Structures are given as C-alpha cells and as structure tokens.
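> What follows is entry.cif; its format and atoms are mmCIF, C-alpha atoms.
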data_entry
#
loop_
_atom_site.label_atom_id
_atom_site.label_comp_id
_atom_site.auth_asym_id
_atom_site.auth_seq_id
_atom_site.Cartn_x
_atom_site.Cartn_y
_atom_site.Cartn_z
CA MET A 20 71.24 10.51 -66.13
CA ALA A 21 71.85 13.62 -68.23
CA GLY A 22 70.87 15.74 -65.25
CA LEU A 23 73.73 14.33 -63.23
CA ALA A 24 76.19 16.06 -65.54
CA GLU A 25 74.78 19.55 -65.08
CA SER A 26 76.47 20.36 -61.80
CA GLY A 27 80.20 20.87 -61.45
CA SER A 28 79.98 19.68 -57.83
CA ASN A 29 79.15 16.24 -59.16
CA PRO A 30 82.06 13.86 -58.35
CA ASP A 31 81.64 12.33 -61.81
CA VAL A 32 82.21 15.74 -63.41
CA ASP A 33 85.00 16.65 -60.99
CA LEU A 34 86.89 13.47 -61.88
CA LEU A 35 86.29 14.15 -65.57
CA TYR A 36 87.94 17.57 -65.27
CA ASP A 37 90.80 16.19 -63.18
CA ILE A 38 91.67 13.45 -65.68
CA ASN A 39 91.02 15.51 -68.80
CA GLY A 40 93.04 18.33 -67.25
CA LEU A 41 96.12 16.14 -67.66
CA ALA A 42 95.68 16.46 -71.42
CA LYS A 43 95.97 20.25 -71.21
CA GLU A 44 99.29 19.98 -69.39
CA ALA A 45 100.73 17.27 -71.67
CA PRO A 46 102.67 17.98 -74.89
CA HIS A 47 100.64 18.03 -78.08
CA TRP A 48 102.40 14.96 -79.46
CA PHE A 49 101.50 12.98 -76.34
CA ASP A 50 97.83 13.92 -76.66
CA ARG A 51 97.87 12.71 -80.26
CA VAL A 52 99.36 9.40 -79.14
CA MET A 53 96.73 9.05 -76.42
CA ALA A 54 93.98 9.85 -78.91
CA PHE A 55 95.17 7.08 -81.24
CA VAL A 56 95.69 4.61 -78.39
CA GLY A 57 92.29 5.33 -76.86
CA GLU A 58 90.40 5.26 -80.16
CA TRP A 59 92.07 2.37 -82.02
CA GLY A 60 95.33 1.23 -80.45
CA LEU A 61 93.98 -0.62 -77.42
CA LEU A 62 91.21 -2.28 -79.43
CA LEU A 63 93.86 -3.59 -81.81
CA ALA A 64 95.99 -4.70 -78.85
CA MET A 65 93.03 -6.66 -77.44
CA VAL A 66 92.50 -8.43 -80.78
CA LEU A 67 96.19 -9.32 -80.94
CA LEU A 68 96.03 -10.59 -77.36
CA VAL A 69 93.13 -12.88 -78.26
CA LEU A 70 95.11 -14.20 -81.25
CA TRP A 71 98.17 -14.71 -79.04
CA CYS A 72 96.11 -16.68 -76.53
CA TRP A 73 94.63 -18.82 -79.32
CA THR A 74 98.12 -19.54 -80.70
CA SER A 75 99.33 -20.57 -77.25
CA VAL A 76 96.37 -22.91 -76.67
CA ARG A 77 96.69 -24.35 -80.18
CA ARG A 78 100.36 -25.22 -79.64
CA ARG A 79 99.67 -26.80 -76.27
CA GLY A 80 96.85 -28.96 -77.60
CA GLY A 81 95.68 -31.68 -75.21
CA GLU A 82 92.35 -33.36 -74.66
CA ASN A 83 90.58 -30.09 -73.83
CA ALA A 84 91.92 -28.13 -76.81
CA ALA A 85 88.50 -27.74 -78.42
CA ALA A 86 86.90 -26.47 -75.21
CA SER A 87 89.79 -24.05 -74.66
CA VAL A 88 89.53 -22.65 -78.17
CA ALA A 89 85.75 -22.35 -77.75
CA ALA A 90 86.32 -20.23 -74.64
CA ILE A 91 88.72 -17.99 -76.56
CA VAL A 92 86.31 -17.60 -79.47
CA TRP A 93 83.68 -16.47 -76.99
CA ALA A 94 85.78 -13.44 -75.96
CA PRO A 95 85.33 -11.41 -79.19
CA LEU A 96 81.76 -12.70 -79.58
CA ALA A 97 80.96 -11.40 -76.10
CA ALA A 98 82.37 -8.01 -77.08
CA GLY A 99 80.13 -7.86 -80.12
CA ILE A 100 77.05 -8.86 -78.15
CA GLY A 101 77.90 -6.27 -75.49
CA VAL A 102 77.94 -3.49 -78.09
CA LEU A 103 74.59 -4.67 -79.48
CA VAL A 104 73.08 -4.67 -75.99
CA ASN A 105 74.41 -1.14 -75.51
CA VAL A 106 72.42 0.23 -78.47
CA PRO A 107 69.05 0.37 -76.65
CA ILE A 108 70.75 1.38 -73.39
CA ARG A 109 72.26 4.46 -75.02
CA GLY A 110 68.94 5.46 -76.53
CA PHE A 111 67.10 4.95 -73.23
CA VAL A 112 69.57 6.87 -71.04
CA ASP A 113 69.97 9.63 -73.64
CA ARG A 114 73.08 11.16 -72.05
CA PRO A 115 74.99 13.73 -74.16
CA ARG A 116 78.76 13.66 -74.47
CA PRO A 117 80.52 15.56 -71.68
CA PHE A 118 81.80 18.32 -73.99
CA VAL A 119 78.19 19.17 -74.90
CA ASP A 120 77.26 20.24 -71.36
CA HIS A 121 80.66 21.34 -70.03
CA GLN A 122 83.03 24.01 -71.22
CA GLY A 123 86.80 23.98 -71.03
CA LEU A 124 87.37 20.31 -71.83
CA ASP A 125 90.28 19.37 -74.06
CA VAL A 126 88.56 17.05 -76.56
CA LEU A 127 91.18 15.01 -78.41
CA VAL A 128 88.92 13.47 -81.08
CA THR A 129 86.14 15.01 -83.11
CA GLY A 130 82.95 13.73 -84.70
CA LYS A 131 81.44 12.19 -81.56
CA THR A 132 77.75 12.98 -81.98
CA ASP A 133 76.18 9.89 -80.41
CA TYR A 134 75.22 9.45 -76.76
CA SER A 135 77.77 8.94 -74.02
CA PHE A 136 76.41 6.25 -71.66
CA VAL A 137 77.71 3.61 -71.79
CA SER A 138 81.12 3.60 -73.48
CA ASP A 139 81.36 1.17 -76.39
CA HIS A 140 85.15 1.06 -76.07
CA ALA A 141 84.96 0.18 -72.38
CA THR A 142 82.34 -2.47 -73.12
CA LEU A 143 84.37 -4.03 -75.94
CA THR A 144 87.67 -4.22 -74.10
CA MET A 145 86.23 -5.43 -70.79
CA ALA A 146 84.08 -8.11 -72.45
CA MET A 147 87.14 -9.47 -74.29
CA ALA A 148 89.28 -9.23 -71.16
CA VAL A 149 86.78 -11.13 -69.00
CA GLY A 150 86.23 -13.68 -71.76
CA LEU A 151 89.98 -14.23 -71.93
CA PHE A 152 90.20 -14.48 -68.15
CA VAL A 153 87.67 -17.30 -68.19
CA ALA A 154 89.73 -19.08 -70.86
CA ASN A 155 93.23 -18.30 -69.53
CA ARG A 156 94.13 -16.44 -66.34
CA LYS A 157 97.46 -15.08 -67.57
CA PHE A 158 96.09 -13.60 -70.79
CA GLY A 159 92.98 -12.47 -68.97
CA LEU A 160 95.00 -10.39 -66.52
CA LEU A 161 96.82 -8.73 -69.41
CA GLY A 162 93.45 -8.03 -71.01
CA LEU A 163 92.07 -6.51 -67.81
CA GLY A 164 95.05 -4.16 -67.70
CA LEU A 165 94.38 -3.06 -71.29
CA ALA A 166 90.68 -2.57 -70.53
CA LEU A 167 91.42 -0.36 -67.52
CA LEU A 168 93.83 1.69 -69.61
CA GLU A 169 91.15 2.05 -72.28
CA GLY A 170 88.73 3.41 -69.71
CA PHE A 171 91.27 5.98 -68.53
CA CYS A 172 91.99 7.04 -72.10
CA ARG A 173 88.30 7.65 -72.88
CA VAL A 174 88.01 10.09 -69.99
CA TYR A 175 91.43 11.62 -70.73
CA MET A 176 90.25 12.28 -74.30
CA GLY A 177 87.20 14.18 -73.03
CA VAL A 178 84.64 11.97 -74.79
CA HIS A 179 83.22 10.09 -71.79
CA TYR A 180 82.36 10.61 -68.14
CA PRO A 181 83.97 8.20 -65.66
CA THR A 182 80.55 6.65 -65.03
CA ASP A 183 80.23 5.95 -68.77
CA VAL A 184 83.38 3.88 -68.51
CA ILE A 185 82.27 2.12 -65.31
CA GLY A 186 78.95 1.31 -66.97
CA GLY A 187 80.80 -0.13 -69.96
CA PHE A 188 82.97 -2.25 -67.69
CA ALA A 189 79.88 -3.57 -65.90
CA LEU A 190 78.05 -4.32 -69.15
CA GLY A 191 81.03 -6.09 -70.72
CA THR A 192 81.62 -8.16 -67.59
CA ALA A 193 77.96 -9.13 -67.28
CA VAL A 194 77.67 -10.26 -70.90
CA ALA A 195 80.95 -12.21 -70.84
CA LEU A 196 80.21 -14.00 -67.55
CA LEU A 197 76.46 -14.56 -67.67
CA LEU A 198 76.39 -15.92 -71.21
CA SER A 199 79.66 -17.84 -70.93
CA PRO A 200 78.13 -21.22 -69.92
CA LEU A 201 75.63 -21.13 -72.79
CA ALA A 202 78.25 -19.94 -75.28
CA THR A 203 80.69 -22.65 -74.21
CA ALA A 204 78.02 -25.34 -74.49
CA LEU A 205 77.21 -24.21 -78.03
CA LEU A 206 80.74 -23.50 -79.25
CA THR A 207 82.55 -26.56 -77.87
CA PRO A 208 80.79 -29.10 -80.14
CA VAL A 209 81.51 -26.83 -83.10
CA MET A 210 85.20 -26.66 -82.20
CA LYS A 211 85.30 -30.44 -81.75
CA ALA A 212 83.85 -30.86 -85.23
CA VAL A 213 86.49 -28.49 -86.59
CA GLU A 214 89.17 -30.44 -84.71
CA ARG A 215 88.19 -33.65 -86.53
CA SER A 216 88.63 -32.01 -89.91
CA PRO A 217 91.94 -32.94 -91.63
CA ARG A 218 92.65 -29.33 -92.63
CA ALA A 219 90.60 -27.10 -90.37
CA GLY A 220 91.72 -29.16 -87.37
CA ARG A 221 94.93 -27.14 -87.32
CA LEU A 222 92.88 -24.24 -85.98
CA ILE A 223 92.36 -26.23 -82.78
CA ARG A 224 95.73 -27.92 -82.31
CA ALA A 225 99.09 -27.78 -84.06
CA ARG A 226 99.77 -30.48 -86.63
CA GLY A 227 102.92 -31.65 -84.83
CA GLU A 228 101.01 -31.99 -81.54
CA ARG A 229 98.35 -34.14 -83.19
CA ALA A 230 100.95 -36.38 -84.82
CA ALA A 231 102.75 -36.84 -81.52
CA GLU A 232 99.48 -37.75 -79.85
CA THR A 233 98.86 -40.43 -82.52
CA VAL A 234 102.28 -41.99 -81.99
CA ILE A 235 101.82 -42.09 -78.24
CA SER A 236 98.39 -43.64 -78.65
CA GLY A 237 99.82 -46.33 -80.92
CA ALA A 238 102.64 -47.05 -78.51
CA ARG A 239 100.14 -47.64 -75.73
CA GLN A 240 98.21 -50.09 -77.86
CA GLU A 241 101.34 -52.09 -78.64
CA SER A 242 102.44 -52.21 -75.03
CA CYS A 243 99.11 -53.45 -73.72
CA PRO A 244 99.64 -57.17 -74.55
CA GLN A 245 103.07 -57.10 -72.99
CA ASP A 246 101.68 -55.47 -69.89
CA ARG A 247 99.09 -58.21 -69.66
CA ASP A 248 101.80 -60.91 -69.94
CA LEU A 249 103.84 -59.28 -67.20
CA ALA A 250 100.79 -59.06 -65.00
CA ALA A 251 100.03 -62.74 -65.60
#
Please express the file's structure as structure tokens.

Amino acid sequence: MAGLAESGSNPDVDLLYDINGLAKEAPHWFDRVMAFVGEWGLLLAMVLLVLWCWTSVRRRGGENAAASVAAIVWAPLAAGIGVLVNVPIRGFVDRPRPFVDHQGLDVLVTGKTDYSFVSDHATLTMAMAVGLFVANRKFGLLGLGLALLEGFCRVYMGVHYPTDVIGGFALGTAVALLLSPLATALLTPVMKAVERSPRAGRLIRARGERAAETVISGARQESCPQDRDLAA
C-alpha cells in the first residue's frame, strides 16, 4: 500500500494534492477552523447528535423504547470497536502519512507520527453515523453528512490520503452493520432491565410518558367490564 503513494500520477495522490491545495489558497484563519473541525469539532458534533437522538427517543417512549435506546447505544460502541479493529490493520498495511512521502503539502496539524491507513476519524464518524441510521433514519442522514465532511477535512488537512478515508468509511460501516444484530440482541435486554428500574428507567423513557402510559392502562382495565356488558 505504501508503494501506491510513491507516484504523483496516482489518482489517490492527485486527489490529495487537489483537495489539500484548497488549504493553500484559503485564509489562515479558515485553515485553523478546518483544522479544529477536522480534528475535534466533528467528533464532538457526532457525540452531540447521538445524545440528541437519545433524547428524542426517550421523550417519545412507546413499547419499543428499550430496543430503540439499545440501537442508539450501539452507535458509539460500534465506533470504539471500529478503532480497535483498525489497530492491527494499520500495523499490517504500514502506510506512512502522506506528508512523509510527498513534498509541498500544507499540513494543518502536527504530531501525526502513526500510520495513515485507515483513518481513525473516518472510522469513528462513519460507524456512529451508520449506527444512528439503523436506529433512526433522520438522525442517521445527519450523521452521514457529518462523516463525509470529516473525510474531506482529513484530506484537506494533509494528514490522510483519500483512500485512507474511504477505507475508514468501509471499516466503520462494516462494523456497525455486521455486528448490529448481535449487539441489539445483547443490549436490548439490558435496556429493558434499566427501563424497569424506578430511577434509571428515566434513561429509557421520560417520566411523564411513563405516567401517562400507566393512566391509559388503568383506564382500559376499568372500561373492560363495561365493554363486556355492552357486548352482551
């Protein structure tokens, strides 16, 4: 894989220079913003998106609240597993960062001494985005948009090749989708147990929603005898 980066005629390298070249033409303040967004900002945005989705599901409640929350919990777990899976992949591929083999890149962050393939940031954001998409289509689409922006930022910053980002997207998607059935089967009973707890149950559904559900359930029980009389 490292050999692919040695030739400037390589489309991967050409696209790297094209995207990173935008940083040279941009104002210095904009590059600093992009460096922060690409390094920390979008990761934070993904975490906030997961919390937003959980809050929305918690307010809505319903019979499948525990399963829905379990699917949301899987999103950050999938991201963590994706990064762990990437550790041996990076060591096996052994691909240096693009600025090691190529001159003239505008590198916006320093201290990147580890290997380049695949991108941890791309893996993290795409795993969370796909996990959210499985749980909730609307939030998942927002997450996919953030993940794509993260991938662009990593190349713009000069710290990854485009194929590093694509590899991260593929790894994050594979982990989130392939392990989703097993994760849901394991997490749903846990969330149901939490839901039955008097205090921790608020993590699954809002207190007001649970109270309303109890009143409705009681009303049905009282109306049953009357319904039977009317039927008779």
> Of the candidates A:Lys157, A:Gly40, A:Met53, A:Val69, which one gets nearest to Trp93 (chain A) if we count only C-alpha atoms?
A:Val69
> Pick from A:Pro115, A:Gly177, A:Gly191, A:Pro30: nearest to His140 (chain A), with only C-alpha atoms counted?
A:Gly191
> In terms of the shortest atom-to-atom distance over only C-alpha atoms, which of A:Gly150, A:Pro117, A:Gly170, A:Pro46 is closest to Ala202 (chain A)?
A:Gly150
> Residue by residue, what does the PyMOL selection byres ((chain A and resi 74) around 12) grab here? Present the result as a list in words.
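Residues picked by the PyMOL selection byres ((chain A and resi 74) around 12): Leu67, Leu68, Val69, Leu70, Trp71, Cys72, Trp73, Ser75, Val76, Arg77, Arg78, Arg79, Gly80, Ala84, Ser87, Val88, Ile91, Phe158, Arg221, Leu222, Ile223, Arg224 and Ala225 of chain A.
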> With distances taken over all atoms listed in the file, which of A:Arg114, A:Lys131, A:Arg51, A:His179 is nearest to Tyr36 (chain A)?
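Between A:Arg114, A:Lys131, A:Arg51, A:His179, the residue approaching Tyr36 (chain A) most closely is A:His179.
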> Take CA of Asp37 (chain A) and CA of Val184 (chain A) and report the distance between them in Å, one decimal.
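Answer for the CA of Asp37 (chain A) to CA of Val184 (chain A) separation: 15.3 Å.
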> Run the PyMOL selection byres ((chain A and resi 144) around 10) against the file shown and list the residues it catches, as a PyMOL selection string.
chain A and resi 61-66+94-95+98+139-143+145-150+162-170+187-188+191-192
> So that I have them on file, write out the residues from the current selection with C-alpha atoms, as a compact mmCIF listing (two decimals), keeping the file's coordinate frame.

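Wrote out_14.txt, looks like this:
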# COMPACT_ATOMS: atom_id res chain seq x y z
CA LEU A 61 93.98 -0.62 -77.42
CA LEU A 62 91.21 -2.28 -79.43
CA LEU A 63 93.86 -3.59 -81.81
CA ALA A 64 95.99 -4.70 -78.85
CA MET A 65 93.03 -6.66 -77.44
CA VAL A 66 92.50 -8.43 -80.78
CA ALA A 94 85.78 -13.44 -75.96
CA PRO A 95 85.33 -11.41 -79.19
CA ALA A 98 82.37 -8.01 -77.08
CA ASP A 139 81.36 1.17 -76.39
CA HIS A 140 85.15 1.06 -76.07
CA ALA A 141 84.96 0.18 -72.38
CA THR A 142 82.34 -2.47 -73.12
CA LEU A 143 84.37 -4.03 -75.94
CA MET A 145 86.23 -5.43 -70.79
CA ALA A 146 84.08 -8.11 -72.45
CA MET A 147 87.14 -9.47 -74.29
CA ALA A 148 89.28 -9.23 -71.16
CA VAL A 149 86.78 -11.13 -69.00
CA GLY A 150 86.23 -13.68 -71.76
CA GLY A 162 93.45 -8.03 -71.01
CA LEU A 163 92.07 -6.51 -67.81
CA GLY A 164 95.05 -4.16 -67.70
CA LEU A 165 94.38 -3.06 -71.29
CA ALA A 166 90.68 -2.57 -70.53
CA LEU A 167 91.42 -0.36 -67.52
CA LEU A 168 93.83 1.69 -69.61
CA GLU A 169 91.15 2.05 -72.28
CA GLY A 170 88.73 3.41 -69.71
CA GLY A 187 80.80 -0.13 -69.96
CA PHE A 188 82.97 -2.25 -67.69
CA GLY A 191 81.03 -6.09 -70.72
CA THR A 192 81.62 -8.16 -67.59
> Give me the residues within 9 Å of Ser199 (chain A) as a list in words, counting all atoms listed in the file and dropping any in the same chain fewer than 2 places off.
Ala90, Trp93, Ala97, Gly150, Val153, Val194, Ala195, Leu196, Leu197, Leu201, Ala202, Thr203 and Ala204 of chain A
> Since fewer atoms than expected are present, regenerate N, CA, C and O atoms for region 46-66 of chain A and write them as a PDB file, in the coordinates of the input.

ATOM      1  N   PRO A  46     102.271  17.492 -73.559  1.00  0.00           N
ATOM      2  CA  PRO A  46     102.670  17.980 -74.890  1.00  0.00           C
ATOM      3  C   PRO A  46     101.660  17.557 -75.946  1.00  0.00           C
ATOM      4  O   PRO A  46     100.955  16.554 -75.796  1.00  0.00           O
ATOM      5  N   HIS A  47     101.618  18.311 -77.027  1.00  0.00           N
ATOM      6  CA  HIS A  47     100.640  18.030 -78.080  1.00  0.00           C
ATOM      7  C   HIS A  47     100.852  16.649 -78.687  1.00  0.00           C
ATOM      8  O   HIS A  47      99.880  15.933 -78.967  1.00  0.00           O
ATOM      9  N   TRP A  48     102.125  16.257 -78.852  1.00  0.00           N
ATOM     10  CA  TRP A  48     102.400  14.960 -79.460  1.00  0.00           C
ATOM     11  C   TRP A  48     101.886  13.813 -78.579  1.00  0.00           C
ATOM     12  O   TRP A  48     101.403  12.795 -79.068  1.00  0.00           O
ATOM     13  N   PHE A  49     101.975  14.015 -77.253  1.00  0.00           N
ATOM     14  CA  PHE A  49     101.500  12.980 -76.340  1.00  0.00           C
ATOM     15  C   PHE A  49      99.988  12.847 -76.409  1.00  0.00           C
ATOM     16  O   PHE A  49      99.449  11.731 -76.370  1.00  0.00           O
ATOM     17  N   ASP A  50      99.281  13.964 -76.529  1.00  0.00           N
ATOM     18  CA  ASP A  50      97.830  13.920 -76.660  1.00  0.00           C
ATOM     19  C   ASP A  50      97.428  13.197 -77.942  1.00  0.00           C
ATOM     20  O   ASP A  50      96.432  12.449 -77.965  1.00  0.00           O
ATOM     21  N   ARG A  51      98.178  13.401 -79.002  1.00  0.00           N
ATOM     22  CA  ARG A  51      97.870  12.710 -80.260  1.00  0.00           C
ATOM     23  C   ARG A  51      98.079  11.202 -80.120  1.00  0.00           C
ATOM     24  O   ARG A  51      97.302  10.408 -80.649  1.00  0.00           O
ATOM     25  N   VAL A  52      99.121  10.828 -79.391  1.00  0.00           N
ATOM     26  CA  VAL A  52      99.360   9.400 -79.140  1.00  0.00           C
ATOM     27  C   VAL A  52      98.222   8.823 -78.316  1.00  0.00           C
ATOM     28  O   VAL A  52      97.695   7.733 -78.620  1.00  0.00           O
ATOM     29  N   MET A  53      97.824   9.533 -77.275  1.00  0.00           N
ATOM     30  CA  MET A  53      96.730   9.050 -76.420  1.00  0.00           C
ATOM     31  C   MET A  53      95.419   8.947 -77.188  1.00  0.00           C
ATOM     32  O   MET A  53      94.630   8.013 -76.959  1.00  0.00           O
ATOM     33  N   ALA A  54      95.202   9.898 -78.106  1.00  0.00           N
ATOM     34  CA  ALA A  54      93.980   9.850 -78.910  1.00  0.00           C
ATOM     35  C   ALA A  54      93.962   8.604 -79.784  1.00  0.00           C
ATOM     36  O   ALA A  54      92.930   7.922 -79.896  1.00  0.00           O
ATOM     37  N   PHE A  55      95.101   8.282 -80.401  1.00  0.00           N
ATOM     38  CA  PHE A  55      95.170   7.080 -81.240  1.00  0.00           C
ATOM     39  C   PHE A  55      95.034   5.819 -80.398  1.00  0.00           C
ATOM     40  O   PHE A  55      94.290   4.889 -80.748  1.00  0.00           O
ATOM     41  N   VAL A  56      95.739   5.786 -79.269  1.00  0.00           N
ATOM     42  CA  VAL A  56      95.690   4.610 -78.390  1.00  0.00           C
ATOM     43  C   VAL A  56      94.279   4.391 -77.870  1.00  0.00           C
ATOM     44  O   VAL A  56      93.756   3.265 -77.862  1.00  0.00           O
ATOM     45  N   GLY A  57      93.625   5.460 -77.433  1.00  0.00           N
ATOM     46  CA  GLY A  57      92.290   5.330 -76.860  1.00  0.00           C
ATOM     47  C   GLY A  57      91.213   5.031 -77.883  1.00  0.00           C
ATOM     48  O   GLY A  57      90.202   4.413 -77.562  1.00  0.00           O
ATOM     49  N   GLU A  58      91.420   5.460 -79.133  1.00  0.00           N
ATOM     50  CA  GLU A  58      90.400   5.260 -80.160  1.00  0.00           C
ATOM     51  C   GLU A  58      90.576   3.932 -80.890  1.00  0.00           C
ATOM     52  O   GLU A  58      89.605   3.220 -81.153  1.00  0.00           O
ATOM     53  N   TRP A  59      91.821   3.573 -81.224  1.00  0.00           N
ATOM     54  CA  TRP A  59      92.070   2.370 -82.020  1.00  0.00           C
ATOM     55  C   TRP A  59      93.129   1.445 -81.445  1.00  0.00           C
ATOM     56  O   TRP A  59      93.022   0.220 -81.572  1.00  0.00           O
ATOM     57  N   GLY A  60      94.164   2.019 -80.842  1.00  0.00           N
ATOM     58  CA  GLY A  60      95.330   1.230 -80.450  1.00  0.00           C
ATOM     59  C   GLY A  60      95.030   0.111 -79.475  1.00  0.00           C
ATOM     60  O   GLY A  60      95.464  -1.033 -79.661  1.00  0.00           O
ATOM     61  N   LEU A  61      94.266   0.394 -78.437  1.00  0.00           N
ATOM     62  CA  LEU A  61      93.980  -0.620 -77.420  1.00  0.00           C
ATOM     63  C   LEU A  61      92.997  -1.676 -77.929  1.00  0.00           C
ATOM     64  O   LEU A  61      93.075  -2.838 -77.529  1.00  0.00           O
ATOM     65  N   LEU A  62      92.093  -1.282 -78.811  1.00  0.00           N
ATOM     66  CA  LEU A  62      91.210  -2.280 -79.430  1.00  0.00           C
ATOM     67  C   LEU A  62      92.031  -3.266 -80.257  1.00  0.00           C
ATOM     68  O   LEU A  62      91.814  -4.481 -80.210  1.00  0.00           O
ATOM     69  N   LEU A  63      92.984  -2.727 -81.024  1.00  0.00           N
ATOM     70  CA  LEU A  63      93.860  -3.590 -81.810  1.00  0.00           C
ATOM     71  C   LEU A  63      94.693  -4.476 -80.894  1.00  0.00           C
ATOM     72  O   LEU A  63      94.883  -5.673 -81.172  1.00  0.00           O
ATOM     73  N   ALA A  64      95.187  -3.917 -79.799  1.00  0.00           N
ATOM     74  CA  ALA A  64      95.990  -4.700 -78.850  1.00  0.00           C
ATOM     75  C   ALA A  64      95.163  -5.842 -78.260  1.00  0.00           C
ATOM     76  O   ALA A  64      95.679  -6.954 -78.062  1.00  0.00           O
ATOM     77  N   MET A  65      93.883  -5.604 -77.983  1.00  0.00           N
ATOM     78  CA  MET A  65      93.030  -6.660 -77.440  1.00  0.00           C
ATOM     79  C   MET A  65      92.830  -7.783 -78.465  1.00  0.00           C
ATOM     80  O   MET A  65      92.854  -8.969 -78.120  1.00  0.00           O
ATOM     81  N   VAL A  66      92.650  -7.411 -79.729  1.00  0.00           N
ATOM     82  CA  VAL A  66      92.500  -8.430 -80.780  1.00  0.00           C
ATOM     83  C   VAL A  66      93.765  -9.260 -80.894  1.00  0.00           C
ATOM     84  O   VAL A  66      93.716 -10.496 -81.000  1.00  0.00           O
TER      85      VAL A  66
END
